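Structure first, then comments.
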Amino acid sequence: MSRRPTRALLQRIRLVVLDVDGTLTDGRLYYGKDGEAFKAFDVRDGHGLRLLQMHGGVKLAALTGRRADLVLQRCRELSIDHVVGQSRAKGPAIEAICAELNVPLSDTAYMGDDVNDLPALRRVAFSCAPADAADEVLKEAAWVSTRAAGRGAVRELCELLLAAKASWPPPEE
């Protein structure tokens, strides 16, 4: 059951780490006839992430259990410099990301959708999940988006954080 996080917690968040498949994407993989893989990313999720960086001063990272090759281009477009791929042990991986970016786990949010994300979700201050995450994740996440993965869940998280840190919608430029 999703609970509304406190404003104090949301204001404290300085790092958002995102799972990729099933969080930034809808979790489906598309393969071309020559074996090339494709993923779809929601443009509004991306815009929310850029706004979160610009107006909320939040650092971003991506953590995926798969190879990160397909993710790197999208992350470059979004100025997400820290991408960790092929991570099967997401608990220690999120600890390493926090150490490298010099942000404590107590100031970190993580959004993931499946059981392999549970170790990371359990270590951070603010655990989040898309609406269509695995039941085990939905039971443990502190906050659950009303939107599905790859369909605005990440954007909703960005809006929630920005509303507490700066304003939503953000000021005109």
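Within each chain, counting starts at residue 1; across the structure tokens, chains are named A, B, ... in the order shown, with ligands numbered 1 upward in that order.
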(message) Residues near region 123-129 of chain A, anyone? I mean within 6 Å using only C-alpha atoms, not counting same-chain ones fewer than 3 positions away, as a list in words.
(response)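 Surrounding residues, per the criterion: Leu105, Ser106, Thr108, Ala109, Tyr110, Met111, Gly112, Asp113, Ala120, Ala141, Ala142, Trp143 and Val144 of chain A.
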(request) For region 67-71 of chain A, work out the shell of residues within 12 Å, counting only C-alpha atoms and skipping chain neighbours fewer than 2 positions away, then give it as an MDAnalysis selection string. (result) chainID A and resid 18:21 24:25 29:30 36:41 61:65 73:78 80:88
(request) For Gln53 (chain A), list every protein, DNA or RNA residue within 10 Å, evaluated using only C-alpha atoms, and leave out those in the same chain fewer than 4 positions away; present the list as a PyMOL selection string. (result) chain A and resi 14-16+47-49+57-60+78-80+158+162
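Taking CA of Ala166 (chain A) and CA of Arg3 (chain A) as the two end points, the separation is 21.2 Å.
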(message) For the structure I just gave you, how does DSSP split region 48-168 of chain A - specifically, which residues are strand (DSSP E)? Reply as a ChimeraX atom specification.
(response) /A:59-63,82-84,108-111,126-129,143-144
Take the residues from that selection and put them in a file with N, CA and C atoms, as a JSON list (two decimals), in the first residue's frame.
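Written output follows (result.json):
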```
[["chain", "number", "residue", "atom", "x", "y", "z"],
["A", 59, "LYS", "N", 20.74, 14.48, -8.32],
["A", 59, "LYS", "CA", 21.60, 13.65, -9.16],
["A", 59, "LYS", "C", 20.81, 12.42, -9.59],
["A", 60, "LEU", "N", 21.17, 11.88, -10.76],
["A", 60, "LEU", "CA", 20.48, 10.71, -11.30],
["A", 60, "LEU", "C", 21.47, 9.61, -11.64],
["A", 61, "ALA", "N", 21.00, 8.37, -11.50],
["A", 61, "ALA", "CA", 21.79, 7.20, -11.90],
["A", 61, "ALA", "C", 20.83, 6.13, -12.38],
["A", 62, "ALA", "N", 21.33, 5.25, -13.24],
["A", 62, "ALA", "CA", 20.56, 4.11, -13.73],
["A", 62, "ALA", "C", 21.27, 2.83, -13.32],
["A", 63, "LEU", "N", 20.49, 1.85, -12.90],
["A", 63, "LEU", "CA", 21.03, 0.57, -12.43],
["A", 63, "LEU", "C", 20.22, -0.54, -13.09],
["A", 82, "HIS", "N", 25.88, 8.43, -14.64],
["A", 82, "HIS", "CA", 26.22, 7.23, -13.88],
["A", 82, "HIS", "C", 25.26, 6.10, -14.25],
["A", 83, "VAL", "N", 25.74, 5.16, -15.06],
["A", 83, "VAL", "CA", 24.94, 4.02, -15.50],
["A", 83, "VAL", "C", 25.69, 2.74, -15.14],
["A", 84, "VAL", "N", 25.04, 1.88, -14.38],
["A", 84, "VAL", "CA", 25.64, 0.60, -13.98],
["A", 84, "VAL", "C", 24.83, -0.50, -14.63],
["A", 108, "THR", "N", 18.73, 9.10, -0.59],
["A", 108, "THR", "CA", 18.59, 8.46, -1.90],
["A", 108, "THR", "C", 17.22, 7.82, -2.07],
["A", 109, "ALA", "N", 16.69, 7.93, -3.28],
["A", 109, "ALA", "CA", 15.47, 7.24, -3.69],
["A", 109, "ALA", "C", 15.83, 6.21, -4.75],
["A", 110, "TYR", "N", 15.10, 5.11, -4.77],
["A", 110, "TYR", "CA", 15.29, 4.08, -5.80],
["A", 110, "TYR", "C", 13.92, 3.65, -6.29],
["A", 111, "MET", "N", 13.77, 3.53, -7.61],
["A", 111, "MET", "CA", 12.54, 3.00, -8.18],
["A", 111, "MET", "C", 12.88, 1.73, -8.95],
["A", 126, "PHE", "N", 13.98, 6.23, 0.41],
["A", 126, "PHE", "CA", 12.69, 6.36, -0.26],
["A", 126, "PHE", "C", 12.59, 5.33, -1.38],
["A", 127, "SER", "N", 11.89, 4.24, -1.10],
["A", 127, "SER", "CA", 11.73, 3.15, -2.07],
["A", 127, "SER", "C", 10.44, 3.38, -2.87],
["A", 128, "CYS", "N", 10.54, 3.25, -4.18],
["A", 128, "CYS", "CA", 9.43, 3.56, -5.08],
["A", 128, "CYS", "C", 9.25, 2.46, -6.11],
["A", 129, "ALA", "N", 8.02, 2.36, -6.64],
["A", 129, "ALA", "CA", 7.72, 1.35, -7.65],
["A", 129, "ALA", "C", 6.67, 1.87, -8.61],
["A", 143, "TRP", "N", 6.41, 4.05, -1.61],
["A", 143, "TRP", "CA", 5.52, 4.84, -2.47],
["A", 143, "TRP", "C", 5.37, 4.11, -3.81],
["A", 144, "VAL", "N", 4.13, 4.03, -4.28],
["A", 144, "VAL", "CA", 3.83, 3.37, -5.55],
["A", 144, "VAL", "C", 3.16, 4.40, -6.46]]
```
(request) Please give the complete set of residues from region 49-164 of chain A that DSSP, run on the backbone, assigns to alpha helix (DSSP H), formatted as a PyMOL selection string. (result) chain A and resi 49-56+69-77+90-101+118-123+135-140+153-164
Go ahead and write the selection's residues with N, CA and C atoms as a compact mmCIF listing (two decimals), in the first residue's frame.
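Below is the file out-v7.txt, written as the result:
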```txt
# COMPACT_ATOMS: atom_id res chain seq x y z
N LEU A 49 12.75 13.95 -15.63
CA LEU A 49 14.10 13.76 -15.08
C LEU A 49 14.97 15.00 -15.32
N ARG A 50 14.87 15.57 -16.50
CA ARG A 50 15.65 16.80 -16.78
C ARG A 50 15.20 17.93 -15.86
N LEU A 51 13.89 18.07 -15.66
CA LEU A 51 13.37 19.11 -14.76
C LEU A 51 13.84 18.87 -13.33
N LEU A 52 13.88 17.61 -12.91
CA LEU A 52 14.32 17.27 -11.56
C LEU A 52 15.78 17.67 -11.36
N GLN A 53 16.60 17.45 -12.37
CA GLN A 53 18.00 17.86 -12.30
C GLN A 53 18.12 19.39 -12.25
N MET A 54 17.42 20.06 -13.15
CA MET A 54 17.55 21.51 -13.30
C MET A 54 16.96 22.28 -12.12
N HIS A 55 15.77 21.90 -11.68
CA HIS A 55 15.06 22.67 -10.67
C HIS A 55 15.13 22.07 -9.28
N GLY A 56 15.43 20.78 -9.20
CA GLY A 56 15.48 20.13 -7.89
C GLY A 56 16.89 19.86 -7.41
N ASP A 69 24.28 -1.26 -22.85
CA ASP A 69 24.55 -0.65 -24.15
C ASP A 69 23.36 0.13 -24.70
N LEU A 70 22.18 -0.47 -24.65
CA LEU A 70 20.99 0.17 -25.22
C LEU A 70 20.52 1.35 -24.38
N VAL A 71 20.91 1.38 -23.15
CA VAL A 71 20.46 2.42 -22.22
C VAL A 71 21.36 3.66 -22.29
N LEU A 72 22.60 3.46 -22.65
CA LEU A 72 23.58 4.55 -22.60
C LEU A 72 23.18 5.76 -23.43
N GLN A 73 22.66 5.55 -24.63
CA GLN A 73 22.29 6.69 -25.47
C GLN A 73 21.19 7.52 -24.81
N ARG A 74 20.17 6.87 -24.31
CA ARG A 74 19.08 7.60 -23.66
C ARG A 74 19.58 8.32 -22.41
N CYS A 75 20.42 7.67 -21.65
CA CYS A 75 20.96 8.31 -20.45
C CYS A 75 21.84 9.50 -20.81
N ARG A 76 22.61 9.40 -21.88
CA ARG A 76 23.41 10.55 -22.33
C ARG A 76 22.50 11.72 -22.68
N GLU A 77 21.39 11.44 -23.38
CA GLU A 77 20.44 12.50 -23.74
C GLU A 77 19.88 13.20 -22.50
N LYS A 90 21.93 -5.89 -6.73
CA LYS A 90 21.57 -4.47 -6.73
C LYS A 90 21.72 -3.80 -5.37
N GLY A 91 21.71 -4.55 -4.30
CA GLY A 91 21.95 -3.97 -2.98
C GLY A 91 23.35 -3.38 -2.87
N PRO A 92 24.38 -4.20 -3.07
CA PRO A 92 25.73 -3.66 -3.05
C PRO A 92 25.96 -2.62 -4.16
N ALA A 93 25.30 -2.78 -5.29
CA ALA A 93 25.47 -1.82 -6.39
C ALA A 93 24.97 -0.44 -6.00
N ILE A 94 23.84 -0.37 -5.34
CA ILE A 94 23.33 0.96 -4.95
C ILE A 94 24.22 1.58 -3.87
N GLU A 95 24.76 0.76 -3.01
CA GLU A 95 25.71 1.28 -2.02
C GLU A 95 26.94 1.87 -2.72
N ALA A 96 27.43 1.19 -3.74
CA ALA A 96 28.60 1.67 -4.49
C ALA A 96 28.28 2.97 -5.23
N ILE A 97 27.09 3.04 -5.83
CA ILE A 97 26.69 4.27 -6.54
C ILE A 97 26.66 5.44 -5.56
N CYS A 98 26.06 5.24 -4.41
CA CYS A 98 25.99 6.31 -3.41
C CYS A 98 27.38 6.74 -2.97
N ALA A 99 28.26 5.78 -2.76
CA ALA A 99 29.63 6.10 -2.35
C ALA A 99 30.34 6.89 -3.44
N GLU A 100 30.20 6.46 -4.68
CA GLU A 100 30.87 7.15 -5.80
C GLU A 100 30.34 8.56 -5.99
N LEU A 101 29.05 8.76 -5.79
CA LEU A 101 28.45 10.08 -5.99
C LEU A 101 28.42 10.90 -4.70
N LEU A 118 14.55 -5.64 -4.88
CA LEU A 118 14.26 -5.56 -3.45
C LEU A 118 15.48 -5.21 -2.60
N PRO A 119 16.66 -5.79 -2.83
CA PRO A 119 17.81 -5.41 -2.00
C PRO A 119 18.14 -3.92 -2.08
N ALA A 120 18.01 -3.32 -3.25
CA ALA A 120 18.25 -1.87 -3.38
C ALA A 120 17.13 -1.09 -2.72
N LEU A 121 15.90 -1.50 -2.95
CA LEU A 121 14.75 -0.81 -2.35
C LEU A 121 14.83 -0.80 -0.83
N ARG A 122 15.35 -1.86 -0.27
CA ARG A 122 15.43 -1.98 1.19
C ARG A 122 16.53 -1.12 1.81
N ARG A 123 17.47 -0.66 1.00
CA ARG A 123 18.61 0.09 1.54
C ARG A 123 18.42 1.60 1.50
N ASP A 135 4.16 -8.02 -7.33
CA ASP A 135 3.44 -7.93 -6.05
C ASP A 135 4.39 -7.79 -4.86
N GLU A 136 5.49 -8.52 -4.88
CA GLU A 136 6.45 -8.46 -3.78
C GLU A 136 7.01 -7.05 -3.61
N VAL A 137 7.23 -6.37 -4.72
CA VAL A 137 7.76 -5.00 -4.69
C VAL A 137 6.67 -4.03 -4.23
N LEU A 138 5.47 -4.21 -4.74
CA LEU A 138 4.36 -3.34 -4.34
C LEU A 138 4.12 -3.38 -2.84
N LYS A 139 4.32 -4.55 -2.24
CA LYS A 139 4.11 -4.71 -0.79
C LYS A 139 5.17 -3.97 0.02
N GLU A 140 6.38 -3.88 -0.51
CA GLU A 140 7.49 -3.30 0.26
C GLU A 140 7.79 -1.84 -0.06
N ALA A 153 5.41 6.54 -14.81
CA ALA A 153 5.71 6.30 -13.39
C ALA A 153 6.89 7.15 -12.92
N VAL A 154 7.92 7.22 -13.74
CA VAL A 154 9.09 8.02 -13.39
C VAL A 154 8.73 9.50 -13.37
N ARG A 155 7.92 9.94 -14.31
CA ARG A 155 7.49 11.34 -14.34
C ARG A 155 6.72 11.70 -13.06
N GLU A 156 5.85 10.81 -12.62
CA GLU A 156 5.09 11.07 -11.40
C GLU A 156 6.02 11.21 -10.20
N LEU A 157 7.06 10.39 -10.12
CA LEU A 157 8.06 10.50 -9.07
C LEU A 157 8.76 11.86 -9.14
N CYS A 158 9.13 12.28 -10.33
CA CYS A 158 9.78 13.58 -10.51
C CYS A 158 8.87 14.71 -10.06
N GLU A 159 7.60 14.65 -10.42
CA GLU A 159 6.65 15.68 -10.01
C GLU A 159 6.51 15.74 -8.49
N LEU A 160 6.45 14.58 -7.86
CA LEU A 160 6.33 14.50 -6.41
C LEU A 160 7.53 15.16 -5.73
N LEU A 161 8.72 14.82 -6.20
CA LEU A 161 9.94 15.39 -5.63
C LEU A 161 10.04 16.89 -5.89
N LEU A 162 9.72 17.31 -7.11
CA LEU A 162 9.80 18.73 -7.45
C LEU A 162 8.79 19.56 -6.66
N ALA A 163 7.61 19.03 -6.44
CA ALA A 163 6.60 19.75 -5.66
C ALA A 163 7.12 20.03 -4.25
N ALA A 164 7.90 19.12 -3.69
CA ALA A 164 8.44 19.30 -2.34
C ALA A 164 9.71 20.15 -2.33
```
(message) As an exercise, work out the distance from CA of Arg4 (chain A) to CA of Pro130 (chain A) in Å and give it to one decimal place.
(response) 14.7 Å
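Going from CA of Ala131 (chain A) to CA of Asp42 (chain A) covers 15.3 Å.
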